[in-house]
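Next comes target.tsv, with TSV, C-alpha atoms (C1' of nucleotides).
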chain	number	residue	atom	x	y	z
A	1	MET	CA	-51.78	-89.89	-59.30
A	2	ASP	CA	-52.62	-92.80	-61.55
A	3	GLU	CA	-53.35	-95.78	-59.34
A	4	THR	CA	-54.16	-98.05	-62.26
A	5	MET	CA	-50.76	-97.84	-63.84
A	6	SER	CA	-48.77	-100.96	-63.31
A	7	VAL	CA	-45.24	-100.73	-62.01
A	8	PRO	CA	-43.24	-102.92	-64.33
A	9	LEU	CA	-40.62	-105.33	-63.15
A	10	LYS	CA	-37.41	-105.13	-65.10
A	11	LEU	CA	-36.87	-108.84	-65.60
A	12	SER	CA	-33.34	-108.55	-66.92
A	13	ASP	CA	-32.26	-106.74	-63.76
A	14	TYR	CA	-34.05	-109.08	-61.44
A	15	LEU	CA	-31.56	-111.01	-59.32
A	16	PRO	CA	-33.43	-114.34	-59.24
A	17	TYR	CA	-33.77	-114.22	-63.00
A	18	ARG	CA	-30.09	-113.51	-63.51
A	19	LEU	CA	-29.11	-116.27	-61.15
A	20	SER	CA	-31.37	-118.69	-62.93
A	21	VAL	CA	-30.15	-117.87	-66.42
A	22	LEU	CA	-26.53	-117.86	-65.36
A	23	SER	CA	-26.77	-121.06	-63.39
A	24	ASN	CA	-28.57	-122.88	-66.19
A	25	THR	CA	-26.05	-121.68	-68.74
A	26	ILE	CA	-23.16	-122.84	-66.60
A	27	SER	CA	-24.69	-126.19	-65.72
A	28	ARG	CA	-25.55	-126.92	-69.32
A	29	SER	CA	-22.12	-125.90	-70.45
A	30	ILE	CA	-20.35	-128.26	-68.08
A	31	ALA	CA	-22.84	-131.05	-68.58
A	32	GLU	CA	-22.35	-130.89	-72.34
A	33	ARG	CA	-18.75	-131.90	-71.85
A	34	TYR	CA	-19.22	-134.99	-69.72
A	35	GLU	CA	-22.37	-135.99	-71.52
A	36	ALA	CA	-20.54	-135.97	-74.81
A	37	ALA	CA	-17.51	-137.75	-73.40
A	38	PHE	CA	-19.14	-140.31	-71.11
A	39	GLY	CA	-22.90	-140.27	-71.65
A	40	ILE	CA	-23.46	-139.11	-68.10
A	41	SER	CA	-26.25	-136.73	-67.13
A	42	MET	CA	-25.88	-133.95	-64.58
A	43	ARG	CA	-27.70	-135.93	-61.93
A	44	GLN	CA	-25.65	-139.00	-62.59
A	45	TRP	CA	-22.54	-136.89	-62.30
A	46	ARG	CA	-23.69	-135.41	-59.02
A	47	VAL	CA	-24.09	-138.86	-57.56
A	48	MET	CA	-20.67	-139.85	-58.79
A	49	ALA	CA	-19.18	-136.64	-57.42
A	50	ILE	CA	-20.59	-137.41	-53.99
A	51	LEU	CA	-19.37	-140.99	-54.10
A	52	GLY	CA	-15.93	-139.86	-55.22
A	53	GLU	CA	-15.75	-137.73	-52.15
A	54	PHE	CA	-17.61	-139.98	-49.71
A	55	ALA	CA	-17.41	-143.62	-50.69
A	56	GLY	CA	-19.94	-145.94	-49.12
A	57	LEU	CA	-22.81	-143.54	-48.53
A	58	ASN	CA	-26.33	-144.84	-48.91
A	59	ALA	CA	-28.96	-143.31	-51.17
A	60	THR	CA	-30.49	-141.15	-48.46
A	61	ASP	CA	-27.13	-139.64	-47.58
A	62	ILE	CA	-26.49	-138.91	-51.22
A	63	SER	CA	-29.88	-137.35	-51.48
A	64	GLU	CA	-28.98	-134.86	-48.77
A	65	ARG	CA	-25.48	-134.13	-49.92
A	66	ALA	CA	-26.35	-133.74	-53.58
A	67	ALA	CA	-29.51	-131.71	-52.99
A	68	MET	CA	-31.49	-134.24	-55.02
A	69	ASP	CA	-34.71	-135.92	-54.05
A	70	LYS	CA	-34.62	-139.62	-53.32
A	71	VAL	CA	-36.41	-140.59	-56.50
A	72	ALA	CA	-33.81	-138.80	-58.59
A	73	VAL	CA	-31.04	-140.47	-56.63
A	74	SER	CA	-32.65	-143.87	-57.03
A	75	ARG	CA	-32.88	-143.44	-60.78
A	76	ALA	CA	-29.38	-142.06	-61.15
A	77	VAL	CA	-27.93	-144.85	-59.05
A	78	SER	CA	-29.68	-147.64	-60.90
A	79	SER	CA	-28.55	-146.31	-64.26
A	80	LEU	CA	-25.00	-145.89	-62.98
A	81	ILE	CA	-25.05	-149.48	-61.78
A	82	GLU	CA	-26.17	-150.61	-65.23
A	83	MET	CA	-23.30	-148.62	-66.68
A	84	LYS	CA	-20.94	-150.37	-64.24
A	85	LEU	CA	-19.79	-147.07	-62.83
A	86	VAL	CA	-21.26	-147.66	-59.39
A	87	ARG	CA	-21.75	-150.75	-57.33
A	88	ARG	CA	-24.02	-151.47	-54.40
A	89	GLU	CA	-23.10	-153.35	-51.28
A	90	ALA	CA	-25.76	-154.65	-48.89
A	91	THR	CA	-25.43	-153.50	-45.32
A	92	GLN	CA	-25.30	-156.16	-42.66
A	93	ASP	CA	-27.35	-154.33	-40.05
A	94	ASP	CA	-30.18	-152.78	-42.07
A	95	GLY	CA	-31.74	-154.68	-44.96
A	96	ARG	CA	-33.33	-151.62	-46.48
A	97	ARG	CA	-30.28	-149.59	-47.16
A	98	SER	CA	-27.15	-150.37	-49.08
A	99	ARG	CA	-23.83	-148.68	-49.33
A	100	LEU	CA	-22.73	-147.32	-52.69
A	101	PHE	CA	-19.29	-147.08	-54.25
A	102	LEU	CA	-17.70	-146.07	-57.49
A	103	THR	CA	-16.42	-149.08	-59.37
A	104	GLU	CA	-12.88	-149.03	-60.65
A	105	ARG	CA	-14.25	-147.92	-63.97
A	106	GLY	CA	-16.39	-145.30	-62.23
A	107	ALA	CA	-13.35	-143.98	-60.42
A	108	GLY	CA	-11.57	-143.72	-63.75
A	109	VAL	CA	-14.39	-141.65	-65.21
A	110	TYR	CA	-14.48	-139.57	-62.06
A	111	ASP	CA	-10.78	-138.88	-62.38
A	112	GLU	CA	-11.34	-137.61	-65.88
A	113	ILE	CA	-14.30	-135.43	-65.10
A	114	VAL	CA	-12.88	-133.79	-61.98
A	115	PRO	CA	-10.14	-131.82	-63.76
A	116	MET	CA	-12.61	-130.87	-66.46
A	117	ALA	CA	-15.01	-129.50	-63.85
A	118	ALA	CA	-12.27	-127.84	-61.86
A	119	GLY	CA	-10.92	-126.29	-65.02
A	120	TYR	CA	-14.27	-124.85	-65.86
A	121	GLU	CA	-14.56	-123.27	-62.44
A	122	ALA	CA	-11.10	-121.83	-62.82
A	123	GLU	CA	-12.11	-120.23	-66.12
A	124	LEU	CA	-15.24	-118.87	-64.58
A	125	THR	CA	-13.41	-117.13	-61.78
A	126	GLY	CA	-10.35	-116.40	-63.89
A	127	ALA	CA	-11.15	-112.74	-64.31
A	128	MET	CA	-11.64	-112.20	-60.59
A	129	ASP	CA	-9.00	-111.85	-57.96
A	130	ALA	CA	-9.03	-114.09	-54.89
A	131	ASP	CA	-10.85	-111.55	-52.74
A	132	GLU	CA	-13.60	-111.24	-55.26
A	133	VAL	CA	-14.11	-114.97	-55.49
A	134	GLN	CA	-14.26	-115.05	-51.72
A	135	LYS	CA	-16.75	-112.20	-51.72
A	136	LEU	CA	-18.92	-113.88	-54.33
A	137	LEU	CA	-19.12	-117.03	-52.24
A	138	GLU	CA	-20.00	-114.98	-49.17
A	139	LEU	CA	-22.75	-113.11	-50.96
A	140	LEU	CA	-24.18	-116.34	-52.29
A	141	ASP	CA	-24.09	-117.69	-48.74
A	142	ALA	CA	-26.00	-114.65	-47.59
A	143	CYS	CA	-28.66	-115.32	-50.23
A	144	ALA	CA	-28.78	-118.96	-49.26
A	145	SER	CA	-29.42	-118.17	-45.63
A	146	ILE	CA	-32.44	-116.09	-46.66
A	147	ALA	CA	-33.69	-118.43	-49.37
A	148	ALA	CA	-33.52	-121.46	-47.10
A	149	PRO	CA	-33.67	-120.23	-43.52
A	150	GLY	CA	-32.47	-122.83	-41.10
A	151	ARG	CA	-31.61	-125.62	-43.45
A	152	LYS	CA	-28.19	-125.46	-45.07
A	153	LEU	CA	-28.08	-125.62	-48.86
A	154	TRP	CA	-24.59	-127.06	-49.22
B	1	MET	CA	3.97	-140.36	-55.45
B	2	ASP	CA	0.73	-142.22	-55.92
B	3	GLU	CA	-0.52	-141.49	-59.41
B	4	THR	CA	-3.55	-143.70	-59.03
B	5	MET	CA	-5.03	-141.74	-56.19
B	6	SER	CA	-7.92	-139.59	-57.34
B	7	VAL	CA	-8.08	-135.95	-56.39
B	8	PRO	CA	-11.57	-135.49	-55.08
B	9	LEU	CA	-13.74	-132.56	-55.99
B	10	LYS	CA	-15.43	-130.96	-53.02
B	11	LEU	CA	-18.88	-130.65	-54.50
B	12	SER	CA	-20.26	-128.46	-51.78
B	13	ASP	CA	-17.56	-125.87	-52.40
B	14	TYR	CA	-17.91	-126.02	-56.14
B	15	LEU	CA	-19.19	-122.70	-57.50
B	16	PRO	CA	-21.40	-124.10	-60.27
B	17	TYR	CA	-23.00	-126.46	-57.79
B	18	ARG	CA	-23.71	-123.70	-55.31
B	19	LEU	CA	-25.15	-121.49	-57.98
B	20	SER	CA	-27.37	-124.28	-59.18
B	21	VAL	CA	-28.69	-125.23	-55.76
B	22	LEU	CA	-29.21	-121.62	-54.76
B	23	SER	CA	-30.87	-120.64	-57.98
B	24	ASN	CA	-33.20	-123.62	-57.93
B	25	THR	CA	-34.13	-122.96	-54.34
B	26	ILE	CA	-34.90	-119.34	-55.05
B	27	SER	CA	-36.83	-120.02	-58.23
B	28	ARG	CA	-38.90	-122.70	-56.59
B	29	SER	CA	-39.57	-120.52	-53.61
B	30	ILE	CA	-40.92	-117.65	-55.69
B	31	ALA	CA	-42.77	-119.91	-58.08
B	32	GLU	CA	-44.55	-121.58	-55.18
B	33	ARG	CA	-46.18	-118.30	-54.35
B	34	TYR	CA	-47.61	-117.41	-57.71
B	35	GLU	CA	-48.40	-120.99	-58.57
B	36	ALA	CA	-50.47	-121.31	-55.42
B	37	ALA	CA	-52.13	-117.95	-55.93
B	38	PHE	CA	-52.72	-117.93	-59.67
B	39	GLY	CA	-51.89	-121.36	-61.07
B	40	ILE	CA	-49.07	-119.91	-63.13
B	41	SER	CA	-45.83	-121.76	-63.83
B	42	MET	CA	-42.41	-120.14	-63.86
B	43	ARG	CA	-42.31	-120.08	-67.62
B	44	GLN	CA	-45.76	-118.66	-67.89
B	45	TRP	CA	-44.74	-115.99	-65.42
B	46	ARG	CA	-41.63	-115.16	-67.41
B	47	VAL	CA	-43.69	-114.57	-70.51
B	48	MET	CA	-46.07	-112.38	-68.56
B	49	ALA	CA	-43.18	-110.48	-67.02
B	50	ILE	CA	-41.80	-109.72	-70.45
B	51	LEU	CA	-45.18	-108.65	-71.78
B	52	GLY	CA	-45.75	-106.46	-68.74
B	53	GLU	CA	-42.56	-104.69	-69.58
B	54	PHE	CA	-42.76	-104.79	-73.38
B	55	ALA	CA	-46.33	-105.04	-74.61
B	56	GLY	CA	-46.81	-106.21	-78.16
B	57	LEU	CA	-43.71	-108.32	-78.63
B	58	ASN	CA	-43.97	-111.41	-80.77
B	59	ALA	CA	-43.02	-114.91	-79.64
B	60	THR	CA	-39.52	-114.74	-81.06
B	61	ASP	CA	-38.79	-111.51	-79.21
B	62	ILE	CA	-40.07	-113.03	-76.01
B	63	SER	CA	-37.93	-116.05	-76.60
B	64	GLU	CA	-34.83	-113.87	-76.66
B	65	ARG	CA	-35.74	-111.64	-73.78
B	66	ALA	CA	-36.90	-114.41	-71.49
B	67	ALA	CA	-34.03	-116.78	-72.27
B	68	MET	CA	-36.53	-119.46	-73.23
B	69	ASP	CA	-36.56	-121.52	-76.38
B	70	LYS	CA	-39.33	-120.91	-78.86
B	71	VAL	CA	-41.16	-124.14	-78.09
B	72	ALA	CA	-41.39	-123.21	-74.43
B	73	VAL	CA	-42.64	-119.77	-75.36
B	74	SER	CA	-45.21	-121.20	-77.73
B	75	ARG	CA	-46.54	-123.49	-75.04
B	76	ALA	CA	-46.59	-120.86	-72.34
B	77	VAL	CA	-48.34	-118.39	-74.62
B	78	SER	CA	-51.04	-120.78	-75.72
B	79	SER	CA	-51.82	-121.76	-72.15
B	80	LEU	CA	-51.88	-118.11	-71.09
B	81	ILE	CA	-54.29	-117.37	-73.90
B	82	GLU	CA	-56.55	-120.17	-72.72
B	83	MET	CA	-56.39	-118.67	-69.25
B	84	LYS	CA	-57.36	-115.31	-70.75
B	85	LEU	CA	-54.26	-113.66	-69.35
B	86	VAL	CA	-52.71	-112.96	-72.73
B	87	ARG	CA	-54.18	-112.11	-76.09
B	88	ARG	CA	-52.75	-112.35	-79.55
B	89	GLU	CA	-53.12	-109.80	-82.28
B	90	ALA	CA	-52.33	-110.62	-85.90
B	91	THR	CA	-49.80	-108.37	-87.56
B	92	GLN	CA	-50.81	-106.72	-90.79
B	93	ASP	CA	-47.48	-107.02	-92.54
B	94	ASP	CA	-46.34	-110.54	-91.65
B	95	GLY	CA	-48.86	-113.36	-91.48
B	96	ARG	CA	-46.56	-115.64	-89.53
B	97	ARG	CA	-46.01	-113.57	-86.48
B	98	SER	CA	-48.46	-112.02	-84.09
B	99	ARG	CA	-48.09	-109.45	-81.37
B	100	LEU	CA	-48.85	-110.46	-77.83
B	101	PHE	CA	-50.36	-108.48	-74.98
B	102	LEU	CA	-51.49	-108.99	-71.44
B	103	THR	CA	-55.27	-108.88	-71.21
B	104	GLU	CA	-56.82	-106.65	-68.59
B	105	ARG	CA	-57.05	-109.67	-66.37
B	106	GLY	CA	-53.46	-110.56	-67.15
B	107	ALA	CA	-52.37	-107.07	-66.20
B	108	GLY	CA	-54.21	-107.46	-62.92
B	109	VAL	CA	-52.38	-110.67	-62.15
B	110	TYR	CA	-49.13	-109.06	-63.21
B	111	ASP	CA	-49.75	-106.18	-60.83
B	112	GLU	CA	-50.18	-108.63	-58.01
B	113	ILE	CA	-47.16	-110.73	-58.77
B	114	VAL	CA	-44.72	-107.87	-59.32
B	115	PRO	CA	-44.68	-106.64	-55.71
B	116	MET	CA	-44.48	-110.23	-54.53
B	117	ALA	CA	-41.43	-110.81	-56.71
B	118	ALA	CA	-39.87	-107.50	-55.85
B	119	GLY	CA	-40.46	-108.17	-52.17
B	120	TYR	CA	-38.71	-111.48	-52.42
B	121	GLU	CA	-35.70	-109.89	-54.04
B	122	ALA	CA	-35.65	-107.26	-51.32
B	123	GLU	CA	-35.60	-109.96	-48.67
B	124	LEU	CA	-32.85	-111.77	-50.48
B	125	THR	CA	-30.57	-108.76	-50.56
B	126	GLY	CA	-31.84	-107.42	-47.25
B	127	ALA	CA	-28.75	-108.45	-45.33
B	128	MET	CA	-26.41	-106.82	-47.81
B	129	ASP	CA	-25.60	-103.17	-48.16
B	130	ALA	CA	-25.98	-101.41	-51.48
B	131	ASP	CA	-22.32	-101.82	-52.40
B	132	GLU	CA	-22.51	-105.51	-51.84
B	133	VAL	CA	-25.59	-105.93	-53.99
B	134	GLN	CA	-23.80	-103.97	-56.68
B	135	LYS	CA	-20.73	-106.16	-56.31
B	136	LEU	CA	-22.77	-109.34	-56.48
B	137	LEU	CA	-24.33	-108.25	-59.75
B	138	GLU	CA	-20.92	-107.34	-61.12
B	139	LEU	CA	-19.44	-110.68	-60.19
B	140	LEU	CA	-22.36	-112.50	-61.75
B	141	ASP	CA	-21.82	-110.41	-64.87
B	142	ALA	CA	-18.20	-111.48	-64.89
B	143	CYS	CA	-19.26	-115.12	-64.72
B	144	ALA	CA	-21.80	-114.56	-67.46
B	145	SER	CA	-19.24	-113.13	-69.81
B	146	ILE	CA	-17.15	-116.27	-69.38
B	147	ALA	CA	-20.03	-118.73	-69.42
B	148	ALA	CA	-21.52	-117.22	-72.57
B	149	PRO	CA	-18.74	-115.42	-74.43
B	150	GLY	CA	-20.12	-113.02	-76.95
B	151	ARG	CA	-23.83	-113.49	-76.45
B	152	LYS	CA	-25.41	-111.53	-73.64
B	153	LEU	CA	-27.36	-113.53	-71.09
B	154	TRP	CA	-29.69	-110.76	-69.95
C	1	DT	C1'	-44.05	-159.69	-28.73
C	2	DA	C1'	-47.24	-158.15	-32.00
C	3	DA	C1'	-49.43	-154.17	-33.98
C	4	DA	C1'	-48.53	-149.54	-35.27
C	5	DA	C1'	-45.54	-146.21	-36.75
C	6	DC	C1'	-41.70	-145.25	-39.25
C	7	DA	C1'	-37.77	-145.34	-42.74
C	8	DA	C1'	-35.29	-146.70	-47.28
C	9	DG	C1'	-35.79	-147.19	-51.68
C	10	DT	C1'	-38.61	-148.29	-55.94
C	11	DT	C1'	-42.46	-148.02	-59.05
C	12	DT	C1'	-46.28	-145.76	-61.16
C	13	DC	C1'	-48.49	-142.18	-63.33
C	14	DA	C1'	-49.28	-137.65	-64.88
C	15	DT	C1'	-46.93	-133.76	-66.60
C	16	DA	C1'	-42.93	-131.03	-68.30
C	17	DT	C1'	-39.30	-130.57	-71.37
C	18	DG	C1'	-36.04	-130.76	-75.53
C	19	DT	C1'	-35.19	-132.07	-80.20
C	20	DA	C1'	-36.60	-132.65	-84.62
C	21	DA	C1'	-39.89	-132.46	-87.98
C	22	DC	C1'	-43.44	-129.91	-89.82
C	23	DT	C1'	-46.82	-126.03	-91.63
C	24	DA	C1'	-47.53	-121.74	-93.31
C	25	DG	C1'	-45.92	-117.43	-94.70
C	26	DT	C1'	-42.04	-114.32	-96.52
C	27	DT	C1'	-37.81	-113.07	-98.84
C	28	DT	C1'	-34.25	-113.74	-102.21
C	29	DG	C1'	-32.27	-114.11	-106.58
C	30	DA	C1'	-31.75	-116.14	-111.17
D	1	DT	C1'	-41.96	-114.34	-111.40
D	2	DC	C1'	-41.25	-118.36	-109.50
D	3	DA	C1'	-38.41	-121.79	-107.23
D	4	DA	C1'	-35.22	-122.04	-103.41
D	5	DA	C1'	-34.00	-120.55	-99.09
D	6	DC	C1'	-35.43	-118.79	-95.01
D	7	DT	C1'	-38.35	-117.45	-90.79
D	8	DA	C1'	-42.31	-117.79	-87.20
D	9	DG	C1'	-44.57	-120.68	-84.74
D	10	DT	C1'	-46.67	-125.39	-83.78
D	11	DT	C1'	-46.87	-130.34	-83.37
D	12	DA	C1'	-45.09	-134.96	-82.46
D	13	DC	C1'	-42.32	-137.90	-80.10
D	14	DA	C1'	-39.10	-139.53	-76.89
D	15	DT	C1'	-37.27	-138.71	-72.45
D	16	DA	C1'	-36.99	-136.39	-67.86
D	17	DT	C1'	-39.12	-135.11	-63.79
D	18	DG	C1'	-42.06	-134.79	-59.40
D	19	DA	C1'	-45.58	-136.44	-56.40
D	20	DA	C1'	-47.81	-140.07	-54.45
D	21	DA	C1'	-48.38	-144.74	-53.65
D	22	DC	C1'	-46.19	-148.81	-52.70
D	23	DT	C1'	-42.87	-152.64	-50.90
D	24	DT	C1'	-39.87	-154.21	-47.75
D	25	DG	C1'	-37.51	-153.91	-43.63
D	26	DT	C1'	-36.84	-151.70	-38.86
D	27	DT	C1'	-38.15	-149.46	-34.61
D	28	DT	C1'	-41.36	-148.23	-31.20
D	29	DT	C1'	-44.60	-149.04	-27.79
D	30	DA	C1'	-48.50	-150.86	-25.41
Can the structure from this file be put into structure tokens for me?
Amino acid sequence: MDETMSVPLKLSDYLPYRLSVLSNTISRSIAERYEAAFGISMRQWRVMAILGEFAGLNATDISERAAMDKVAVSRAVSSLIEMKLVRREATQDDGRRSRLFLTERGAGVYDEIVPMAAGYEAELTGAMDADEVQKLLELLDACASIAAPGRKLW
Amino acid sequence: MDETMSVPLKLSDYLPYRLSVLSNTISRSIAERYEAAFGISMRQWRVMAILGEFAGLNATDISERAAMDKVAVSRAVSSLIEMKLVRREATQDDGRRSRLFLTERGAGVYDEIVPMAAGYEAELTGAMDADEVQKLLELLDACASIAAPGRKLW
DNA sequence: TAAAACAAGTTTCATATGTAACTAGTTTGA
DNA sequence: TCAAACTAGTTACATATGAAACTTGTTTTA
């Protein structure tokens, strides 16, 4: 009967809000560890993670695979090069792009962070059984296909 | 046999990464709508969402309920006051704090954003059945209790 | 084959954000 | 009752970020 009454949104039950708070908490929690240990930011780590998996990609490839824009990749890469964790190799065929690699030192850091990151994920899913983890991933996939129709998020 | 070989992390399968990419995509997607329509940032909207639900809270309360630090709340509030979407009311008993309210105009904006936000959530979960939505929330709760032991995230 | 269109990556600039320091007001306790 | 400790909220400063413009190199096409 009262058209002027607003229908409140319960923020704490709102799925996008929960995802955001949870995701930020998790990201910060992991980042704290490798920042403290190696002085590496989340974006720097993402670039390293991609290069640890796919050595020799160029910046544009990294941009796609790490879901980072090219400016962020450029900045992360140049700082990682200064830190001697990544090196750049000119491509013969195309003078604009260059292939990127972890240095030996970078690979060493990578090898230390990977188990740390994997361990955190294991903790996170530790209270779930395998089916539930599977289900969680599926449900997140379902959200992703709505949130970014067409384009794949990962 | 080869101890020097690194064990790569598959970033695209890594739960924290997926959560982060998904959450950022969703947040940006919703924010685009109310930013375009009302010039309101995500943090400004969060403050408004809290005040739409709990009129008269002070900045510290909002800080807790919106999972934002007090500086962010302070900034969001002062800009919302300039935009005449929020008003501040001094408290009689404590000269430091003040109670905050949506203005009439703020309530109008709130009433337009709420269905937009709710609609987005409905789309997001549209492909799931009720049990699955329930399960998703439960699994996110499980993650939250690991990611932030003790403290409640929402 | 030269101009136009395009692509990779960087730089610039304006704004957003986090941390720490600060101001003003309140509570505690000797 | 008054100094010390504490709390609410703001400001200052250093850094992070995003968008747009730019530089350099490549491809297209007339």
Practice task
Give as JSON, numbers by chain every residue of chain A that touches chain D within 10 Å, counting all atoms listed in the file.
Solution key: {"A": [69, 71, 72, 93, 94, 95, 96, 97]}
Identify the residues around (-42.8, -105.5, -59.8) within a radius of 10 Å, measuring from only C-alpha atoms (C1' of nucleotides) in the coordinates stated by the file, and give them as a compact mmCIF listing (two decimals) with C-alpha atoms, keeping the file's coordinate frame.
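Contents of the output file selection_26.txt:
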# COMPACT_ATOMS: atom_id res chain seq x y z
CA SER A 6 -48.77 -100.96 -63.31
CA VAL A 7 -45.24 -100.73 -62.01
CA PRO A 8 -43.24 -102.92 -64.33
CA LEU A 9 -40.62 -105.33 -63.15
CA LYS A 10 -37.41 -105.13 -65.10
CA LEU A 11 -36.87 -108.84 -65.60
CA TYR A 14 -34.05 -109.08 -61.44
CA ALA B 49 -43.18 -110.48 -67.02
CA GLY B 52 -45.75 -106.46 -68.74
CA GLU B 53 -42.56 -104.69 -69.58
CA TYR B 110 -49.13 -109.06 -63.21
CA ASP B 111 -49.75 -106.18 -60.83
CA GLU B 112 -50.18 -108.63 -58.01
CA ILE B 113 -47.16 -110.73 -58.77
CA VAL B 114 -44.72 -107.87 -59.32
CA PRO B 115 -44.68 -106.64 -55.71
CA MET B 116 -44.48 -110.23 -54.53
CA ALA B 117 -41.43 -110.81 -56.71
CA ALA B 118 -39.87 -107.50 -55.85
CA GLY B 119 -40.46 -108.17 -52.17
Handout entry: Within 10 Å of chain B: residues of chain C, using all atoms listed in the file, as a PyMOL selection string
Key = chain C and resi 17-18+24-26
How would the residues just chosen look if you wrote them out with C-alpha atoms (C1' of nucleotides) as a short mmCIF file (atom, residue, chain, number, x, y, z; two decimals), in the coordinates of the input?
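Produced file part.cif, reproduced below:
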data_model
loop_
_atom_site.label_atom_id
_atom_site.label_comp_id
_atom_site.auth_asym_id
_atom_site.auth_seq_id
_atom_site.Cartn_x
_atom_site.Cartn_y
_atom_site.Cartn_z
"C1'" DT C 17 -39.30 -130.57 -71.37
"C1'" DG C 18 -36.04 -130.76 -75.53
"C1'" DA C 24 -47.53 -121.74 -93.31
"C1'" DG C 25 -45.92 -117.43 -94.70
"C1'" DT C 26 -42.04 -114.32 -96.52
#
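Each of B:Ala36, B:Leu57, B:Leu80, B:Leu22 was compared to chain A using only C-alpha atoms, and B:Leu22 turns out to be the nearest.
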Exercise for the section: Please determine the contact residues of chain B with respect to chain A at a cut-off of 8 Å, counting only C-alpha atoms, and supply them as a ChimeraX atom specification. Expected result: /B:6-16,18-27,29,49-50,52-53,65,67,107,111,114,118,121,123-125,127-128,132,136-137,139-140,142-144,146-148,153-154
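Rounded to one decimal, CA of Arg88 (chain B) and CA of Ile40 (chain B) lie 18.4 Å from each other.
One finds CA of Ser63 (chain A) at 14.6 Å from CA of Phe101 (chain A).
One distance worth recording is that between CA of Arg43 (chain A) and CA of Arg105 (chain A), which is 18.1 Å.
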